[in-house]
file coords_16.cif (mmCIF, C-alpha atoms and all ligand atoms; chains and numbers go by the auth columns)
data_entry
loop_
_atom_site.group_PDB
_atom_site.id
_atom_site.type_symbol
_atom_site.label_atom_id
_atom_site.label_comp_id
_atom_site.label_asym_id
_atom_site.label_seq_id
_atom_site.Cartn_x
_atom_site.Cartn_y
_atom_site.Cartn_z
_atom_site.B_iso_or_equiv
_atom_site.auth_seq_id
_atom_site.auth_asym_id
ATOM 1 C CA MET A 1 145.249 167.346 -103.752 0.00 1 O
ATOM 2 C CA THR A 2 148.849 166.627 -104.678 0.00 2 O
ATOM 3 C CA GLU A 3 150.587 168.082 -107.719 0.00 3 O
ATOM 4 C CA ASN A 4 150.648 164.605 -109.199 0.00 4 O
ATOM 5 C CA ALA A 5 146.921 164.089 -108.697 0.00 5 O
ATOM 6 C CA ILE A 6 146.169 167.465 -110.299 0.00 6 O
ATOM 7 C CA ASN A 7 148.258 166.559 -113.358 0.00 7 O
ATOM 8 C CA GLN A 8 146.670 163.115 -113.603 0.00 8 O
ATOM 9 C CA GLN A 9 143.211 164.635 -113.435 0.00 9 O
ATOM 10 C CA LYS A 10 144.111 167.073 -116.189 0.00 10 O
ATOM 11 C CA GLU A 11 145.182 164.171 -118.418 0.00 11 O
ATOM 12 C CA GLN A 12 141.983 162.327 -117.568 0.00 12 O
ATOM 13 C CA PHE A 13 139.874 165.393 -118.391 0.00 13 O
ATOM 14 C CA LEU A 14 141.664 165.964 -121.707 0.00 14 O
ATOM 15 C CA SER A 15 141.314 162.337 -122.696 0.00 15 O
ATOM 16 C CA LEU A 16 137.555 162.428 -121.959 0.00 16 O
ATOM 17 C CA CYS A 17 137.272 165.556 -124.132 0.00 17 O
ATOM 18 C CA ARG A 18 139.256 163.909 -126.927 0.00 18 O
ATOM 19 C CA GLN A 19 137.266 160.689 -126.722 0.00 19 O
ATOM 20 C CA TYR A 20 133.763 162.148 -126.624 0.00 20 O
ATOM 21 C CA ILE A 21 133.842 165.657 -128.093 0.00 21 O
ATOM 22 C CA LYS A 22 134.508 166.222 -131.804 0.00 22 O
ATOM 23 C CA ARG A 23 132.685 169.567 -132.038 0.00 23 O
ATOM 24 C CA ALA A 24 134.341 172.501 -133.826 0.00 24 O
ATOM 25 C CA GLY A 25 135.775 174.828 -131.209 0.00 25 O
ATOM 26 C CA ILE A 26 136.830 172.184 -128.697 0.00 26 O
ATOM 27 C CA ASP A 27 140.552 172.821 -129.329 0.00 27 O
ATOM 28 C CA GLU A 28 140.070 176.552 -128.756 0.00 28 O
ATOM 29 C CA LEU A 29 138.057 175.948 -125.587 0.00 29 O
ATOM 30 C CA LEU A 30 140.735 173.605 -124.216 0.00 30 O
ATOM 31 C CA ALA A 31 143.476 176.084 -125.157 0.00 31 O
ATOM 32 C CA TRP A 32 141.607 178.770 -123.212 0.00 32 O
ATOM 33 C CA LEU A 33 141.174 176.462 -120.195 0.00 33 O
ATOM 34 C CA ASP A 34 144.942 176.041 -120.158 0.00 34 O
ATOM 35 C CA THR A 35 145.312 179.780 -119.514 0.00 35 O
ATOM 36 C CA THR A 36 142.931 179.639 -116.528 0.00 36 O
ATOM 37 C CA ASP A 37 142.862 178.041 -113.058 0.00 37 O
ATOM 38 C CA PHE A 38 140.372 175.371 -114.207 0.00 38 O
ATOM 39 C CA TYR A 39 142.584 172.394 -113.344 0.00 39 O
ATOM 40 C CA ARG A 40 143.496 173.837 -109.928 0.00 40 O
ATOM 41 C CA ALA A 41 140.315 175.574 -108.833 0.00 41 O
ATOM 42 C CA PRO A 42 138.184 174.127 -106.015 0.00 42 O
ATOM 43 C CA SER A 43 134.614 173.086 -106.704 0.00 43 O
ATOM 44 C CA SER A 44 133.220 175.344 -103.981 0.00 44 O
ATOM 45 C CA THR A 45 134.410 177.525 -101.105 0.00 45 O
ATOM 46 C CA ARG A 46 132.901 175.572 -98.204 0.00 46 O
ATOM 47 C CA PHE A 47 131.118 172.524 -99.589 0.00 47 O
ATOM 48 C CA HIS A 48 131.862 169.753 -102.059 0.00 48 O
ATOM 49 C CA LEU A 49 135.517 169.272 -103.047 0.00 49 O
ATOM 50 C CA ASN A 50 136.673 172.637 -101.736 0.00 50 O
ATOM 51 C CA GLU A 51 140.299 171.801 -102.466 0.00 51 O
ATOM 52 C CA GLU A 52 142.773 172.454 -105.262 0.00 52 O
ATOM 53 C CA GLY A 53 141.711 170.405 -108.281 0.00 53 O
ATOM 54 C CA GLY A 54 138.171 169.980 -106.941 0.00 54 O
ATOM 55 C CA LEU A 55 136.439 171.622 -109.903 0.00 55 O
ATOM 56 C CA CYS A 56 138.021 169.337 -112.500 0.00 56 O
ATOM 57 C CA ARG A 57 137.251 166.270 -110.349 0.00 57 O
ATOM 58 C CA HIS A 58 133.646 167.463 -109.902 0.00 58 O
ATOM 59 C CA VAL A 59 132.854 167.890 -113.605 0.00 59 O
ATOM 60 C CA MET A 60 134.279 164.435 -114.333 0.00 60 O
ATOM 61 C CA ASN A 61 132.179 162.976 -111.502 0.00 61 O
ATOM 62 C CA VAL A 62 129.112 164.631 -113.004 0.00 62 O
ATOM 63 C CA PHE A 63 129.950 163.183 -116.424 0.00 63 O
ATOM 64 C CA ASP A 64 130.457 159.699 -115.015 0.00 64 O
ATOM 65 C CA THR A 65 127.202 159.893 -113.032 0.00 65 O
ATOM 66 C CA ALA A 66 125.238 161.276 -115.988 0.00 66 O
ATOM 67 C CA MET A 67 126.478 158.456 -118.244 0.00 67 O
ATOM 68 C CA LYS A 68 125.331 155.927 -115.641 0.00 68 O
ATOM 69 C CA ILE A 69 121.918 157.576 -115.300 0.00 69 O
ATOM 70 C CA TYR A 70 121.470 157.718 -119.069 0.00 70 O
ATOM 71 C CA LYS A 71 122.655 154.169 -119.764 0.00 71 O
ATOM 72 C CA ASN A 72 120.810 152.586 -116.838 0.00 72 O
ATOM 73 C CA CYS A 73 117.605 154.599 -116.732 0.00 73 O
ATOM 74 C CA ALA A 74 116.832 156.508 -119.903 0.00 74 O
ATOM 75 C CA GLU A 75 118.434 154.896 -122.944 0.00 75 O
ATOM 76 C CA GLU A 76 116.242 151.812 -123.079 0.00 76 O
ATOM 77 C CA PRO A 77 112.843 153.495 -122.555 0.00 77 O
ATOM 78 C CA ILE A 78 113.757 156.059 -125.236 0.00 78 O
ATOM 79 C CA ALA A 79 114.705 153.272 -127.669 0.00 79 O
ATOM 80 C CA ALA A 80 111.605 151.234 -126.761 0.00 80 O
ATOM 81 C CA GLY A 81 109.214 154.138 -127.264 0.00 81 O
ATOM 82 C CA THR A 82 107.943 154.095 -123.662 0.00 82 O
ATOM 83 C CA SER A 83 109.661 157.364 -122.703 0.00 83 O
ATOM 84 C CA PRO A 84 108.103 160.750 -123.522 0.00 84 O
ATOM 85 C CA PHE A 85 111.341 161.326 -125.466 0.00 85 O
ATOM 86 C CA THR A 86 111.941 159.666 -128.798 0.00 86 O
ATOM 87 C CA LYS A 87 115.437 160.809 -129.752 0.00 87 O
ATOM 88 C CA PRO A 88 118.478 159.237 -128.093 0.00 88 O
ATOM 89 C CA VAL A 89 120.922 161.610 -126.406 0.00 89 O
ATOM 90 C CA SER A 90 124.433 161.470 -127.834 0.00 90 O
ATOM 91 C CA GLU A 91 127.418 160.754 -125.622 0.00 91 O
ATOM 92 C CA GLU A 92 128.974 163.914 -127.052 0.00 92 O
ATOM 93 C CA SER A 93 126.056 165.982 -125.714 0.00 93 O
ATOM 94 C CA ILE A 94 126.357 164.366 -122.284 0.00 94 O
ATOM 95 C CA ALA A 95 130.088 165.115 -122.287 0.00 95 O
ATOM 96 C CA ILE A 96 129.718 168.743 -123.403 0.00 96 O
ATOM 97 C CA ALA A 97 126.939 169.497 -120.917 0.00 97 O
ATOM 98 C CA CYS A 98 128.649 167.799 -117.964 0.00 98 O
ATOM 99 C CA LEU A 99 132.286 168.667 -118.503 0.00 99 O
ATOM 100 C CA PHE A 100 131.496 172.333 -119.160 0.00 100 O
ATOM 101 C CA HIS A 101 128.462 172.952 -116.911 0.00 101 O
ATOM 102 C CA ASP A 102 130.508 174.725 -114.216 0.00 102 O
ATOM 103 C CA LEU A 103 132.895 176.805 -116.346 0.00 103 O
ATOM 104 C CA CYS A 104 131.376 179.789 -114.513 0.00 104 O
ATOM 105 C CA LYS A 105 133.604 178.774 -111.586 0.00 105 O
ATOM 106 C CA VAL A 106 136.815 179.395 -113.518 0.00 106 O
ATOM 107 C CA GLY A 107 138.810 182.287 -112.099 0.00 107 O
ATOM 108 C CA VAL A 108 136.479 183.137 -109.214 0.00 108 O
ATOM 109 C CA TYR A 109 137.954 181.342 -106.192 0.00 109 O
ATOM 110 C CA ARG A 110 140.865 182.745 -104.221 0.00 110 O
ATOM 111 C CA ARG A 111 142.766 181.536 -101.189 0.00 111 O
ATOM 112 C CA ALA A 112 141.852 183.549 -98.098 0.00 112 O
ATOM 113 C CA GLU A 113 142.819 183.538 -94.462 0.00 113 O
ATOM 114 C CA LYS A 114 139.797 183.045 -92.198 0.00 114 O
ATOM 115 C CA PHE A 115 139.191 182.887 -88.460 0.00 115 O
ATOM 116 C CA ARG A 116 137.671 180.138 -86.351 0.00 116 O
ATOM 117 C CA LYS A 117 137.568 179.082 -82.708 0.00 117 O
ATOM 118 C CA ASN A 118 139.621 176.029 -81.802 0.00 118 O
ATOM 119 C CA ASP A 119 138.738 173.318 -79.224 0.00 119 O
ATOM 120 C CA LYS A 120 139.893 175.596 -76.393 0.00 120 O
ATOM 121 C CA GLY A 121 137.635 178.421 -77.549 0.00 121 O
ATOM 122 C CA GLN A 122 140.560 180.494 -78.840 0.00 122 O
ATOM 123 C CA TRP A 123 140.504 182.235 -82.193 0.00 123 O
ATOM 124 C CA GLU A 124 142.871 180.855 -84.795 0.00 124 O
ATOM 125 C CA THR A 125 143.440 181.562 -88.468 0.00 125 O
ATOM 126 C CA TYR A 126 143.167 178.953 -91.204 0.00 126 O
ATOM 127 C CA LEU A 127 143.528 178.934 -94.948 0.00 127 O
ATOM 128 C CA SER A 128 140.229 178.737 -96.804 0.00 128 O
ATOM 129 C CA TRP A 129 138.616 179.994 -100.004 0.00 129 O
ATOM 130 C CA GLU A 130 136.582 183.026 -100.960 0.00 130 O
ATOM 131 C CA MET A 131 134.698 183.878 -104.084 0.00 131 O
ATOM 132 C CA GLN A 132 135.238 187.018 -106.144 0.00 132 O
ATOM 133 C CA GLU A 133 132.854 187.178 -109.053 0.00 133 O
ATOM 134 C CA SER A 134 133.712 189.838 -111.618 0.00 134 O
ATOM 135 C CA PHE A 135 130.872 188.958 -114.018 0.00 135 O
ATOM 136 C CA PRO A 136 127.777 188.253 -111.896 0.00 136 O
ATOM 137 C CA ILE A 137 125.374 187.366 -114.660 0.00 137 O
ATOM 138 C CA GLY A 138 124.108 184.176 -113.057 0.00 138 O
ATOM 139 C CA HIS A 139 125.753 180.845 -112.344 0.00 139 O
ATOM 140 C CA ALA A 140 124.530 178.637 -115.188 0.00 140 O
ATOM 141 C CA GLU A 141 123.995 181.587 -117.521 0.00 141 O
ATOM 142 C CA LYS A 142 127.690 182.409 -117.261 0.00 142 O
ATOM 143 C CA SER A 143 128.735 178.826 -118.050 0.00 143 O
ATOM 144 C CA LEU A 144 126.476 178.875 -121.089 0.00 144 O
ATOM 145 C CA MET A 145 127.954 182.147 -122.319 0.00 145 O
ATOM 146 C CA ILE A 146 131.495 180.840 -121.943 0.00 146 O
ATOM 147 C CA VAL A 147 130.859 177.579 -123.798 0.00 147 O
ATOM 148 C CA ARG A 148 129.015 179.424 -126.583 0.00 148 O
ATOM 149 C CA LYS A 149 132.038 181.641 -127.133 0.00 149 O
ATOM 150 C CA TYR A 150 133.842 178.562 -128.399 0.00 150 O
ATOM 151 C CA MET A 151 131.278 176.153 -129.831 0.00 151 O
ATOM 152 C CA GLU A 152 127.759 175.802 -131.175 0.00 152 O
ATOM 153 C CA LEU A 153 125.411 173.934 -128.842 0.00 153 O
ATOM 154 C CA ASN A 154 122.303 171.974 -129.716 0.00 154 O
ATOM 155 C CA LEU A 155 119.056 172.403 -127.781 0.00 155 O
ATOM 156 C CA ASP A 156 119.763 169.515 -125.380 0.00 156 O
ATOM 157 C CA GLU A 157 123.199 170.836 -124.423 0.00 157 O
ATOM 158 C CA ALA A 158 122.140 174.474 -124.049 0.00 158 O
ATOM 159 C CA LEU A 159 119.131 173.609 -121.870 0.00 159 O
ATOM 160 C CA ALA A 160 121.084 171.104 -119.791 0.00 160 O
ATOM 161 C CA ILE A 161 123.823 173.630 -119.004 0.00 161 O
ATOM 162 C CA ARG A 162 121.351 176.439 -118.317 0.00 162 O
ATOM 163 C CA TRP A 163 119.241 174.335 -115.942 0.00 163 O
ATOM 164 C CA HIS A 164 121.950 172.186 -114.374 0.00 164 O
ATOM 165 C CA MET A 165 121.145 173.608 -110.924 0.00 165 O
ATOM 166 C CA GLY A 166 117.673 172.108 -111.233 0.00 166 O
ATOM 167 C CA MET A 167 115.253 173.104 -108.493 0.00 167 O
ATOM 168 C CA PHE A 168 117.948 175.147 -106.726 0.00 168 O
ATOM 169 C CA ASP A 169 117.858 177.883 -109.348 0.00 169 O
ATOM 170 C CA VAL A 170 114.260 178.161 -110.473 0.00 170 O
ATOM 171 C CA GLY A 171 112.898 181.007 -108.343 0.00 171 O
ATOM 172 C CA GLU A 172 109.456 181.413 -106.849 0.00 172 O
ATOM 173 C CA SER A 173 106.424 179.365 -107.689 0.00 173 O
ATOM 174 C CA GLY A 174 104.764 181.001 -110.684 0.00 174 O
ATOM 175 C CA SER A 175 107.953 182.709 -111.829 0.00 175 O
ATOM 176 C CA PHE A 176 109.092 182.746 -115.441 0.00 176 O
ATOM 177 C CA ASN A 177 112.216 180.844 -114.448 0.00 177 O
ATOM 178 C CA ARG A 178 110.306 178.028 -112.830 0.00 178 O
ATOM 179 C CA ARG A 179 108.051 177.727 -115.863 0.00 179 O
ATOM 180 C CA ALA A 180 111.077 177.758 -118.183 0.00 180 O
ATOM 181 C CA PHE A 181 112.757 175.019 -116.148 0.00 181 O
ATOM 182 C CA TYR A 182 109.695 172.766 -116.360 0.00 182 O
ATOM 183 C CA ASP A 183 109.361 173.467 -120.082 0.00 183 O
ATOM 184 C CA ALA A 184 113.044 172.613 -120.518 0.00 184 O
ATOM 185 C CA THR A 185 112.592 169.268 -118.746 0.00 185 O
ATOM 186 C CA GLU A 186 109.886 168.405 -121.265 0.00 186 O
ATOM 187 C CA LEU A 187 112.005 169.360 -124.254 0.00 187 O
ATOM 188 C CA SER A 188 115.133 167.380 -123.448 0.00 188 O
ATOM 189 C CA PRO A 189 115.923 164.361 -121.254 0.00 189 O
ATOM 190 C CA LEU A 190 119.409 165.818 -120.801 0.00 190 O
ATOM 191 C CA VAL A 191 118.035 168.545 -118.489 0.00 191 O
ATOM 192 C CA CYS A 192 116.976 165.999 -115.840 0.00 192 O
ATOM 193 C CA ILE A 193 120.001 163.787 -116.439 0.00 193 O
ATOM 194 C CA VAL A 194 122.582 166.543 -115.939 0.00 194 O
ATOM 195 C CA SER A 195 120.826 168.269 -113.028 0.00 195 O
ATOM 196 C CA SER A 196 120.351 164.906 -111.270 0.00 196 O
ATOM 197 C CA ALA A 197 123.974 163.936 -111.929 0.00 197 O
ATOM 198 C CA ASP A 198 125.206 167.282 -110.561 0.00 198 O
ATOM 199 C CA PHE A 199 123.081 166.801 -107.425 0.00 199 O
ATOM 200 C CA VAL A 200 124.158 163.187 -106.886 0.00 200 O
ATOM 201 C CA ALA A 201 127.838 163.932 -107.517 0.00 201 O
ATOM 202 C CA SER A 202 127.980 166.980 -105.271 0.00 202 O
ATOM 203 C CA LYS A 203 125.951 165.420 -102.439 0.00 203 O
ATOM 204 C CA CYS A 204 126.788 161.699 -102.527 0.00 204 O
ATOM 205 C CA LEU A 205 130.221 161.435 -104.136 0.00 205 O
ATOM 206 C CA GLU A 206 132.048 164.542 -102.980 0.00 206 O
ATOM 207 C CA LYS A 207 133.053 165.530 -99.462 0.00 207 O
ATOM 208 C CA THR A 208 133.922 168.873 -98.000 0.00 208 O
ATOM 209 C CA THR A 209 137.676 168.356 -97.970 0.00 209 O
ATOM 210 C CA GLU A 210 138.964 171.502 -96.246 0.00 210 O
ATOM 211 C CA TYR A 211 137.621 173.147 -93.093 0.00 211 O
HETATM 212 FE FE FE B . 126.923 174.562 -111.009 0.00 301 O
HETATM 213 FE FE FE B . 128.301 171.292 -110.710 0.00 302 O
#

call {"tool": "encode", "arguments": {"input": "coords_16.cif", "output": "structure tokens", "more": "lines below"}}
Ligand SMILES: [Fe+2]
Ligand SMILES: [Fe+2]
result
Amino acid sequence: MTENAINQQKEQFLSLCRQYIKRAGIDELLAWLDTTDFYRAPSSTRFHLNEEGGLCRHVMNVFDTAMKIYKNCAEEPIAAGTSPFTKPVSEESIAIACLFHDLCKVGVYRRAEKFRKNDKGQWETYLSWEMQESFPIGHAEKSLMIVRKYMELNLDEALAIRWHMGMFDVGESGSFNRRAFYDATELSPLVCIVSSADFVASKCLEKTTEY
């Protein structure tokens, strides 16, 4: 991603935060993000948007997708009383959960030289990414801890961030985690909306960009 694109994305991210999030603590959270690699970090080492600026692009894609899912699929049944949920989800909650769901990825990716075989079967080096986690407390758990350092979260937002990995992070059948995930999906529509949006964005909208 070019320098220009990274700066444009940063502006886009900040304007989404300003437009949708009025919660106390947002200024402090954004000030902290400015001291980190958030706007330059990749979204993953080998998969979706593994390029500079990928993480910021990814969280905005998740937000955009979640808004579409909510507006097109969930808002009307909730308002009409045909959904198991009766309370509408606020746009602020969708923004907080989506834009901050992957803050655990801040400061963990580094550039690294790796080896691969080229077309002629010869080894060559290439520039890739590696992950160095200094606080391995769990992917979504870490995001939740970071956001909570700066702002209060309601039940929808906390559950949606904690379970944003959906079925990929629920453990064995019969485990406490799996039970907690199912319970969470029955307590807030935002759990399904954010985990679905994360899945759709990372699998259908975002390519592996570096090899
Ligand atoms: Fe994630
Ligand atoms: Fe994500």

call {"tool": "closest_atom_pairs", "arguments": {"input": "coords_16.cif", "of": "chain O", "to": "ligand FE 301 (chain O)", "cutoff": "12 Å", "atoms": "all atoms listed in the file", "output": "tab-separated table"}}
result
residue	atom	partner	partner_atom	distance
O:Ser43	CA	O:FE301	FE	8.9
O:Ser44	CA	O:FE301	FE	9.5
O:His48	CA	O:FE301	FE	11.3
O:Leu55	CA	O:FE301	FE	10.0
O:His58	CA	O:FE301	FE	9.8
O:Val59	CA	O:FE301	FE	9.3
O:Val62	CA	O:FE301	FE	10.4
O:Ala97	CA	O:FE301	FE	11.1
O:Cys98	CA	O:FE301	FE	9.9
O:Leu99	CA	O:FE301	FE	10.9
O:Phe100	CA	O:FE301	FE	9.6
O:His101	CA	O:FE301	FE	6.3
O:Asp102	CA	O:FE301	FE	4.8
O:Leu103	CA	O:FE301	FE	8.3
O:Cys104	CA	O:FE301	FE	7.7
O:Lys105	CA	O:FE301	FE	7.9
O:Val106	CA	O:FE301	FE	11.3
O:Gly138	CA	O:FE301	FE	10.2
O:His139	CA	O:FE301	FE	6.5
O:Ala140	CA	O:FE301	FE	6.3
O:Glu141	CA	O:FE301	FE	10.0
O:Lys142	CA	O:FE301	FE	10.1
O:Ser143	CA	O:FE301	FE	8.4
O:Leu144	CA	O:FE301	FE	11.0
O:Ala160	CA	O:FE301	FE	11.1
O:Ile161	CA	O:FE301	FE	8.6
O:Arg162	CA	O:FE301	FE	9.4
O:Trp163	CA	O:FE301	FE	9.1
O:His164	CA	O:FE301	FE	6.5
O:Met165	CA	O:FE301	FE	5.9
O:Gly166	CA	O:FE301	FE	9.6
O:Phe168	CA	O:FE301	FE	10.0
O:Asp169	CA	O:FE301	FE	9.8
O:Val194	CA	O:FE301	FE	10.4
O:Ser195	CA	O:FE301	FE	9.0
O:Ser196	CA	O:FE301	FE	11.7
O:Ala197	CA	O:FE301	FE	11.1
O:Asp198	CA	O:FE301	FE	7.5
O:Phe199	CA	O:FE301	FE	9.4
O:Ala201	CA	O:FE301	FE	11.2
O:Ser202	CA	O:FE301	FE	9.6

call {"tool": "closest_residue", "arguments": {"input": "coords_16.cif", "among": "O:Tyr70, O:Tyr109, O:Phe38, O:Phe63", "to": "ligand FE 302 (chain O)", "atoms": "only C-alpha atoms and all ligand atoms"}}
result
O:Phe63

call {"tool": "atom_distance", "arguments": {"input": "coords_16.cif", "atom1": "CA of Arg178 (chain O)", "atom2": "CA of Ile137 (chain O)"}}
result
17.8 Å

call {"tool": "closest_residue", "arguments": {"input": "coords_16.cif", "among": "O:Pro77, O:Gln122, O:Pro42, O:Ala5", "to": "ligand FE 302 (chain O)", "atoms": "all atoms listed in the file"}}
result
O:Pro42

call {"tool": "atom_distance", "arguments": {"input": "coords_16.cif", "atom1": "CA of Trp129 (chain O)", "atom2": "CA of Arg46 (chain O)"}}
result
7.4 Å

call {"tool": "atom_distance", "arguments": {"input": "coords_16.cif", "atom1": "CA of Lys68 (chain O)", "atom2": "CA of Ile193 (chain O)"}}
result
9.5 Å

call {"tool": "resolve_selection", "arguments": {"input": "coords_16.cif", "expression": "the PyMOL selection byres (((chain O and resi 85-92) around 9) and not hetatm)", "output": "list in words"}}
result
Cys17, Gln19, Tyr20, Ile21, Lys22, Arg23, Met67, Tyr70, Ala74, Glu75, Pro77, Ile78, Ala79, Ala80, Gly81, Thr82, Ser83, Pro84, Ser93, Ile94, Ala95, Ile96, Ala97, Asp156, Glu186, Leu187, Ser188, Pro189 and Leu190 of chain O

call {"tool": "axis_aligned_box", "arguments": {"input": "coords_16.cif", "around": "region 58-74 of chain O", "padding_each_side": "6 Å", "output": "AutoDock Vina command-line options"}}
result
--center_x 125.6 --center_y 160.2 --center_z -114.9 --size_x 29.4 --size_y 27.3 --size_z 22.0

call {"tool": "closest_residue", "arguments": {"input": "coords_16.cif", "among": "O:Gly54, O:Gly171, O:Gly107, O:Pro136", "to": "ligand FE 302 (chain O)", "atoms": "only C-alpha atoms and all ligand atoms"}}
result
O:Gly54

call {"tool": "resolve_selection", "arguments": {"input": "coords_16.cif", "expression": "the PyMOL selection byres (((chain O and resi 147-155) around 7) and not hetatm)", "output": "list in words"}}
result
Ala24, Gly25, Ile26, Glu28, Leu29, Ser143, Leu144, Met145, Ile146, Asp156, Glu157, Ala158 and Leu159 of chain O

call {"tool": "closest_residue", "arguments": {"input": "coords_16.cif", "among": "O:Val191, O:Cys73, O:Val170, O:Met60", "to": "ligand FE 302 (chain O)", "atoms": "only C-alpha atoms and all ligand atoms"}}
result
O:Met60

call {"tool": "residues_around", "arguments": {"input": "coords_16.cif", "residues": "Arg111 (chain O)", "least_positions_apart": "3", "cutoff": "9 Å", "atoms": "only C-alpha atoms", "output": "list in words"}}
result
Leu127, Ser128, Trp129, Glu130 and Met131 of chain O

call {"tool": "closest_residue", "arguments": {"input": "coords_16.cif", "among": "O:Asn177, O:Asn61, O:Thr35, O:Asn7", "to": "ligand FE 302 (chain O)", "atoms": "only C-alpha atoms and all ligand atoms"}}
result
O:Asn61
